[in-house]
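See structure below.
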Amino acid sequence: MSEETKQETVTINVDGVPAEVPAGANLVDAVEGLGKEIPHYCYHPKLSVSGNCRMCLIEMGTPGRDRATGEPLLNEDGSPKIMWVPKPVIGCATTVSEGMHVRTESEIVKSCREGVMEFLLVNHPLDCPICDQAGECRLQEFATDYGRGYSRFIEQKNVKPKRTRLGPRVMLDDERCILCSRCIRFCDEIAEDSVLGFIDRGSYSTLTTFPGKQLENNYSLNTVDICPVGALTSTDFRFKMRVWFLKETPSIDTESSVGCNTVIGSREGTIHRIAPRRNDAVNDTWMPDSGRALYKMVDSEDRLASYAIDGHPATAEEALETAADLLKAGRVALVGSGQLSVEEQYLLQKIRERLGDSLPSYLVARTGEGDGKLLSADRNPNVRGALLCGLIESYPESELTDLRAALEAGEVDTVLAVGEDITEAGIASGLLQGRKLIYLGSHHKNCSQVAAVEIPLLTVFEKTGTFVNQQFRVQKFAQAIPGPADVLHGLSTLTRLLEAVDPEAGIAPSPAAVWKRMEREVPEFAGMTYEAIPATGQRVSDARFAEVAFVEGKGMHFEPKSALAEA
Ligand code: SF4
Ligand code: FES
């Protein structure tokens, strides 16, 4: 399904060059789309326009019309006569219109920017060397690009509160605040938790929380992302790493089926922060705070990083061989996970097919309360992937009741559980007595104690693959850091197990190779290749799953099918 829709355009003239831009676009965005810049602080494409910083001043004119007749006014050469607004106007409050002329580089515009920069820096501390924002600070960048280059200010700078704790995750250095109000508008308009405001006037204006309130909602860290200076910092990331050392890797937030697009900041194999990546169809420029802490799972104490057979250390070869023997012995049940990648789910489904189509396979549902924004009720990132691959046919349950019944009836000898602790999903350890559990997971769980074979898996940060979100949007994530030494990629482990039960399988352990197979076998993936999936994802048809009882309610960019039907 193509998401491309023909967009209407208008022709504007920027610094003497005509250009087509989307009709109705904000001038700042339209000019950015042309590869030019109108510097700005308070404007944010996903917030209302406040127009308070004045950094985006430009000259603007529109084709004139005769007031009496409404006829276009023309120059002697027949070109439209442009009626320039006598004073500079702010670009952020300007919507493009047909024939609009804009000057972004004139002398008057340059002098406006110099003046604004000089005013903004009057009370700004000169603490760039110790400021967390250094390297991604708009004030630093614009001072260099558009500032006067020297200061005429010889008076004492204002002293404002430092290290004010706005909430559990956000710290404020009021001296650095340029009063752009982005953070206030974010809380009012996106988080819908109005807790921030300015007090006092003029030079003494200060950002603060309302009396008795804290900035503690689950979106609070987005204020840190959009603060154009170093006034708001994350208590988790503050002073830990200079941003220019960070390697940035595109990824996906796995805490729910929304699949917020993220960027992982890592250095030398250690993750230091997770921030949102813009995707206007999924999460705009936001993500929940809870998703930013997920990287801590990588080095958690219960991390599984070695292979074991009956609780004794083993090599990867020995563990895989033992697991393969157990699978070949028959009477197997498979438990997959909505947290696995599509590629892993597909390989698991292939193992199931080889062992016998009638082999039962299960998934464990994780549900919570959706917040109507970017945290959905389905707390698995990839239940849709399992449906598409055929690993499951209906929405899973949180308890493995059917598997429990099969175990109680003595119908199963071996359970292959990939990414799930079945003892947390309604299978008592006692039920596994006399049966063999092959557990593949990234962390030690209760079931580790009864597992016949334990095989470590990589976390989402250590591997590459795809998830399918609640919109049936296939989204890629990339490996940000290496996994623990000697731990095989999940695709390698699963292709090895697949080859053990089907020597003819011949699937290479890479997402691209798996996609070549899925493209032929999964109708919704026909014509797709792993490489060609765009950074913002690609939607596939959900028609086959119209009867599936998904649990998500309305979100920022999601309408459940039932709500659409009622509308
Ligand atoms: S703290 Fe940052 S985002 Fe908030 S008003 Fe000040 S400069 Fe703007
Ligand atoms: S960006 Fe236009 S006034 Fe601030």
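Here, A, B, ... name the chains of the structure tokens in the order displayed, residue numbers run from 1 inside each chain, and ligands are numbered from 1 in the same displayed order.
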
Could you list, as a short mmCIF file (atom, residue, chain, number, x, y, z; two decimals) with C-alpha atoms, in the first residue's frame, all protein and nucleic acid residues with an atom at most 10 Å from ligand 2, counting only C-alpha atoms and all ligand atoms?
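Okay, out-v8.cif is ready:
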```
data_model
loop_
_atom_site.label_atom_id
_atom_site.label_comp_id
_atom_site.auth_asym_id
_atom_site.auth_seq_id
_atom_site.Cartn_x
_atom_site.Cartn_y
_atom_site.Cartn_z
CA VAL A 28 10.41 28.02 8.49
CA ILE A 38 15.72 30.40 8.95
CA PRO A 39 17.30 30.25 12.42
CA HIS A 40 14.74 29.86 15.20
CA TYR A 41 14.46 29.01 18.87
CA CYS A 42 10.87 29.08 20.04
CA TYR A 43 9.32 27.55 16.91
CA HIS A 44 8.87 23.79 16.93
CA VAL A 49 3.53 29.11 17.39
CA SER A 50 4.40 31.51 20.21
CA GLY A 51 6.61 33.91 18.27
CA ASN A 52 8.57 35.13 21.26
CA CYS A 53 12.27 34.70 20.45
CA ARG A 54 12.30 36.84 17.23
CA MET A 55 15.27 34.90 15.87
CA CYS A 56 13.34 33.99 12.73
CA LEU A 57 12.85 37.57 11.49
CA ILE A 58 12.87 37.80 7.69
CA VAL A 89 8.28 39.74 10.15
CA ILE A 90 8.70 36.47 12.02
CA GLY A 91 8.94 33.52 9.68
CA CYS A 92 7.52 31.07 12.21
CA ALA A 93 4.12 32.77 12.18
CA THR A 94 4.01 32.95 8.37
CA CYS A 180 11.36 30.27 24.48
CA SER A 181 8.41 28.51 26.20
CA ARG A 182 8.81 25.31 24.16
#
```

May I have all residues of segment 301-377 of chain A that DSSP, computed from the backbone, assigns to alpha helix (DSSP H), given as number ranges by chain?
A: 316-328, 342-355

Saved selection, atoms kept: N, CA and C atoms, as a tab-separated table (two decimals), in the first residue's frame:
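Done, and the output landed in selection22.tsv:
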```tsv
chain	number	residue	atom	x	y	z
A	316	ALA	N	28.35	-23.16	23.02
A	316	ALA	CA	27.21	-22.91	22.13
A	316	ALA	C	26.91	-24.16	21.30
A	317	GLU	N	27.98	-24.80	20.81
A	317	GLU	CA	27.80	-26.00	19.99
A	317	GLU	C	27.07	-27.09	20.75
A	318	GLU	N	27.54	-27.33	21.99
A	318	GLU	CA	26.93	-28.40	22.79
A	318	GLU	C	25.46	-28.10	23.08
A	319	ALA	N	25.19	-26.83	23.43
A	319	ALA	CA	23.81	-26.46	23.77
A	319	ALA	C	22.90	-26.60	22.55
A	320	LEU	N	23.39	-26.14	21.39
A	320	LEU	CA	22.56	-26.22	20.19
A	320	LEU	C	22.33	-27.68	19.77
A	321	GLU	N	23.37	-28.49	19.92
A	321	GLU	CA	23.24	-29.90	19.56
A	321	GLU	C	22.21	-30.59	20.46
A	322	THR	N	22.30	-30.33	21.76
A	322	THR	CA	21.35	-30.94	22.70
A	322	THR	C	19.93	-30.46	22.39
A	323	ALA	N	19.79	-29.15	22.12
A	323	ALA	CA	18.46	-28.61	21.82
A	323	ALA	C	17.91	-29.26	20.56
A	324	ALA	N	18.77	-29.40	19.54
A	324	ALA	CA	18.32	-30.01	18.27
A	324	ALA	C	17.87	-31.45	18.50
A	325	ASP	N	18.61	-32.20	19.30
A	325	ASP	CA	18.23	-33.59	19.59
A	325	ASP	C	16.86	-33.65	20.26
A	326	LEU	N	16.63	-32.73	21.19
A	326	LEU	CA	15.34	-32.72	21.88
A	326	LEU	C	14.21	-32.40	20.90
A	327	LEU	N	14.47	-31.46	19.99
A	327	LEU	CA	13.43	-31.10	19.02
A	327	LEU	C	13.12	-32.29	18.11
A	328	LYS	N	14.18	-32.99	17.70
A	328	LYS	CA	13.98	-34.11	16.76
A	328	LYS	C	13.28	-35.29	17.41
A	342	VAL	N	10.63	-9.80	13.61
A	342	VAL	CA	9.85	-10.54	12.61
A	342	VAL	C	10.67	-11.69	12.07
A	343	GLU	N	11.96	-11.44	11.85
A	343	GLU	CA	12.83	-12.46	11.26
A	343	GLU	C	12.95	-13.67	12.20
A	344	GLU	N	13.08	-13.40	13.49
A	344	GLU	CA	13.18	-14.49	14.47
A	344	GLU	C	11.86	-15.27	14.53
A	345	GLN	N	10.75	-14.52	14.51
A	345	GLN	CA	9.45	-15.19	14.54
A	345	GLN	C	9.26	-16.07	13.30
A	346	TYR	N	9.71	-15.59	12.15
A	346	TYR	CA	9.56	-16.35	10.92
A	346	TYR	C	10.37	-17.65	11.01
A	347	LEU	N	11.61	-17.55	11.51
A	347	LEU	CA	12.45	-18.76	11.61
A	347	LEU	C	11.83	-19.75	12.59
A	348	LEU	N	11.25	-19.23	13.65
A	348	LEU	CA	10.59	-20.12	14.61
A	348	LEU	C	9.41	-20.83	13.94
A	349	GLN	N	8.70	-20.08	13.12
A	349	GLN	CA	7.58	-20.67	12.40
A	349	GLN	C	8.07	-21.74	11.41
A	350	LYS	N	9.25	-21.50	10.81
A	350	LYS	CA	9.80	-22.50	9.90
A	350	LYS	C	10.15	-23.78	10.67
A	351	ILE	N	10.70	-23.62	11.88
A	351	ILE	CA	11.02	-24.80	12.71
A	351	ILE	C	9.72	-25.55	13.00
A	352	ARG	N	8.70	-24.78	13.31
A	352	ARG	CA	7.41	-25.40	13.60
A	352	ARG	C	6.90	-26.19	12.39
A	353	GLU	N	6.98	-25.58	11.22
A	353	GLU	CA	6.51	-26.26	10.00
A	353	GLU	C	7.25	-27.58	9.79
A	354	ARG	N	8.58	-27.54	10.01
A	354	ARG	CA	9.40	-28.73	9.77
A	354	ARG	C	9.07	-29.84	10.77
A	355	LEU	N	8.75	-29.41	12.00
A	355	LEU	CA	8.46	-30.43	13.02
A	355	LEU	C	7.05	-30.97	12.86
```

Between atom CA of Arg303 of chain A and atom CA of His444 of chain A lies a distance of 6.0 Å

Contacts of Arg496 of chain A at 10 Å (only C-alpha atoms; same-chain gap of 5+ positions) as JSON, numbers by chain
{"A": [317, 320, 321, 324, 490, 491, 501, 502, 503, 505, 506, 507, 508, 509]}

Keeping only C-alpha atoms, write the selected residues to a file as a PDB file, in the first residue's frame.
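After the write, selection_3.pdb holds the following:
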```pdb
ATOM      1  CA  GLU A 317      27.798 -25.998  19.986  1.00  0.00           C
ATOM      2  CA  LEU A 320      22.560 -26.224  20.186  1.00  0.00           C
ATOM      3  CA  GLU A 321      23.238 -29.900  19.565  1.00  0.00           C
ATOM      4  CA  ALA A 324      18.324 -30.010  18.275  1.00  0.00           C
ATOM      5  CA  GLY A 490      19.181 -14.988  17.535  1.00  0.00           C
ATOM      6  CA  LEU A 491      19.037 -15.491  13.753  1.00  0.00           C
ATOM      7  CA  VAL A 501      15.489 -30.348  11.765  1.00  0.00           C
ATOM      8  CA  ASP A 502      15.602 -29.434   8.057  1.00  0.00           C
ATOM      9  CA  PRO A 503      19.049 -29.764   6.473  1.00  0.00           C
ATOM     10  CA  ALA A 505      16.420 -25.094   4.817  1.00  0.00           C
ATOM     11  CA  GLY A 506      19.402 -23.074   3.549  1.00  0.00           C
ATOM     12  CA  ILE A 507      18.539 -19.692   5.075  1.00  0.00           C
ATOM     13  CA  ALA A 508      21.488 -17.425   5.869  1.00  0.00           C
ATOM     14  CA  PRO A 509      21.332 -15.820   9.328  1.00  0.00           C
TER      15      PRO A 509
END
```

Kindly indicate which residue among A:Ile438, A:Leu334, A:Leu232, A:Leu27 lies nearest to ligand 1, using only C-alpha atoms and all ligand atoms for the distances.
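Checking each of A:Ile438, A:Leu334, A:Leu232, A:Leu27 against ligand 1, counting only C-alpha atoms and all ligand atoms, the winner is A:Leu232.
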
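Take the candidates A:Thr233, A:Gln140, A:Thr104, A:Ser203 and check each one against ligand 1 using only C-alpha atoms and all ligand atoms; the shortest distance goes to A:Thr233.
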
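The residues sitting within 8 Å of ligand 1, with only C-alpha atoms and all ligand atoms considered, come out as Tyr41, Cys42, Leu172, Asp173, Asp174, Arg176, Cys177, Ile178, Leu179, Cys180, Ser181, Arg182, Cys183, Ile184, Leu207, Thr223, Val224, Ile226, Cys227, Pro228, Val229, Gly230, Ala231 and Leu232 of chain A.
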
### Message
I'd like the neighbourhood of Ser151 of chain A as an MDAnalysis selection string, where a residue qualifies if any of its atoms comes within 12 Å (using only C-alpha atoms), though same-chain residues fewer than 4 positions away should be ignored.
### Response
chainID A and resid 114:115 117:124 126 143 147 155

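Of the listed residues (A:Ser205, A:Thr536, A:Asn217, A:Ser290), A:Thr536 comes nearest to Arg278 of chain A; the distances count only C-alpha atoms.
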
With distances taken over only C-alpha atoms, the candidate from A:Pro456, A:Gly35, A:Gly368, A:Pro211 nearest Ala485 of chain A is A:Pro456

I'd like a table as a Markdown table: residues in segment 292-378 of chain A with an atom no more than 10 Å from segment 446-449 of chain A, each row giving the shortest atom pair and its distance in Å to one decimal, only C-alpha atoms counted, sorted by chain and rising residue number.
```
| residue | atom | partner | partner_atom | distance |
| --- | --- | --- | --- | --- |
| A:Leu304 | CA | A:Ser448 | CA | 9.6 |
| A:Ala308 | CA | A:Ser448 | CA | 9.4 |
| A:Asp310 | CA | A:Gln449 | CA | 8.5 |
| A:Gly311 | CA | A:Gln449 | CA | 7.1 |
```

If you keep all heavy atoms, can you produce a file of those selected residues as a PDB file, in the first residue's frame?
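File result-v2.pdb, as written:
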```
ATOM      1  N   LEU A 304      21.658 -12.903  30.799  1.00  0.00           N
ATOM      2  CA  LEU A 304      22.096 -14.247  30.438  1.00  0.00           C
ATOM      3  C   LEU A 304      23.134 -14.136  29.323  1.00  0.00           C
ATOM      4  O   LEU A 304      22.835 -13.610  28.249  1.00  0.00           O
ATOM      5  CB  LEU A 304      20.888 -15.068  29.965  1.00  0.00           C
ATOM      6  CG  LEU A 304      21.142 -16.490  29.479  1.00  0.00           C
ATOM      7  CD1 LEU A 304      21.823 -17.319  30.543  1.00  0.00           C
ATOM      8  CD2 LEU A 304      19.828 -17.159  29.068  1.00  0.00           C
ATOM      9  N   ALA A 308      24.034 -23.213  28.797  1.00  0.00           N
ATOM     10  CA  ALA A 308      24.035 -24.225  29.865  1.00  0.00           C
ATOM     11  C   ALA A 308      23.171 -25.414  29.455  1.00  0.00           C
ATOM     12  O   ALA A 308      22.194 -25.273  28.708  1.00  0.00           O
ATOM     13  CB  ALA A 308      23.507 -23.624  31.159  1.00  0.00           C
ATOM     14  N   ASP A 310      21.278 -28.532  31.508  1.00  0.00           N
ATOM     15  CA  ASP A 310      20.900 -28.988  32.856  1.00  0.00           C
ATOM     16  C   ASP A 310      21.605 -28.170  33.953  1.00  0.00           C
ATOM     17  O   ASP A 310      22.069 -28.714  34.960  1.00  0.00           O
ATOM     18  CB  ASP A 310      21.230 -30.478  33.023  1.00  0.00           C
ATOM     19  CG  ASP A 310      20.320 -31.343  32.167  1.00  0.00           C
ATOM     20  OD1 ASP A 310      19.153 -30.935  31.948  1.00  0.00           O
ATOM     21  OD2 ASP A 310      20.773 -32.393  31.686  1.00  0.00           O
ATOM     22  N   GLY A 311      21.728 -26.884  33.708  1.00  0.00           N
ATOM     23  CA  GLY A 311      22.308 -25.997  34.714  1.00  0.00           C
ATOM     24  C   GLY A 311      23.821 -25.968  34.723  1.00  0.00           C
ATOM     25  O   GLY A 311      24.420 -25.209  35.495  1.00  0.00           O
TER      26      GLY A 311
END
```

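Considering the residues A:Lys87, A:His443, A:Arg404, A:Arg473 and counting only C-alpha atoms, Gly385 of chain A has its shortest atom-to-atom contact with A:Arg473.
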
Out of segment 133-306 of chain A, which residues get strand (DSSP E or B) from DSSP, as an MDAnalysis selection string?
chainID A and resid 164:165 170:172 196:199 206:209 232:234 247:252 261:267 270:276 279 284 303

Atom CA of Pro381 of chain A sits from atom CA of Glu301 of chain A at a separation of 23.7 Å

Practice task
Fewer than 3 positions away in the same chain doesn't count, so skip those; otherwise give me all residues within 7 Å of Trp515 of chain A, counting only C-alpha atoms, as a PyMOL selection string.
Solution key: chain A and resi 511-512+518-519+529-530

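For Pro18 of chain A, the residues within 12 Å (counting only C-alpha atoms, excluding itself and residues fewer than 4 positions away along the chain) are Val10, Thr11, Ile12, Asn13, Val14, Val31, Leu34, Glu98, Gly99, Met100, His101, Val102 and Arg103 of chain A.
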
Distance query Ala333 of chain A at most 7 Å, only C-alpha atoms, self and fewer than 4 positions along chain excluded, as a list in words
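Here the answer would be Leu359, Pro360, Ser361, Val412, Thr414, Val415 and Leu416 of chain A.
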
Convert the current residue selection to file output with N, CA and C atoms, as a tab-separated table (two decimals), in the first residue's frame.
```
chain	number	residue	atom	x	y	z
A	359	LEU	N	1.88	-28.83	15.07
A	359	LEU	CA	2.58	-28.53	16.32
A	359	LEU	C	2.01	-27.25	16.92
A	360	PRO	N	1.65	-27.30	18.21
A	360	PRO	CA	1.09	-26.06	18.78
A	360	PRO	C	2.17	-25.00	18.97
A	361	SER	N	1.82	-23.73	18.71
A	361	SER	CA	2.74	-22.63	19.00
A	361	SER	C	1.95	-21.53	19.70
A	412	VAL	N	2.94	-33.31	25.62
A	412	VAL	CA	4.15	-32.59	25.22
A	412	VAL	C	5.35	-33.10	26.01
A	414	THR	N	8.67	-31.80	25.06
A	414	THR	CA	9.68	-30.73	25.02
A	414	THR	C	9.01	-29.40	24.71
A	415	VAL	N	9.39	-28.38	25.45
A	415	VAL	CA	8.89	-27.04	25.15
A	415	VAL	C	10.08	-26.19	24.72
A	416	LEU	N	9.96	-25.60	23.52
A	416	LEU	CA	10.97	-24.65	23.06
A	416	LEU	C	10.40	-23.25	23.29
```

From atom CA of Ala23 of chain A to atom CA of Gly61 of chain A the spacing works out at 16.8 Å
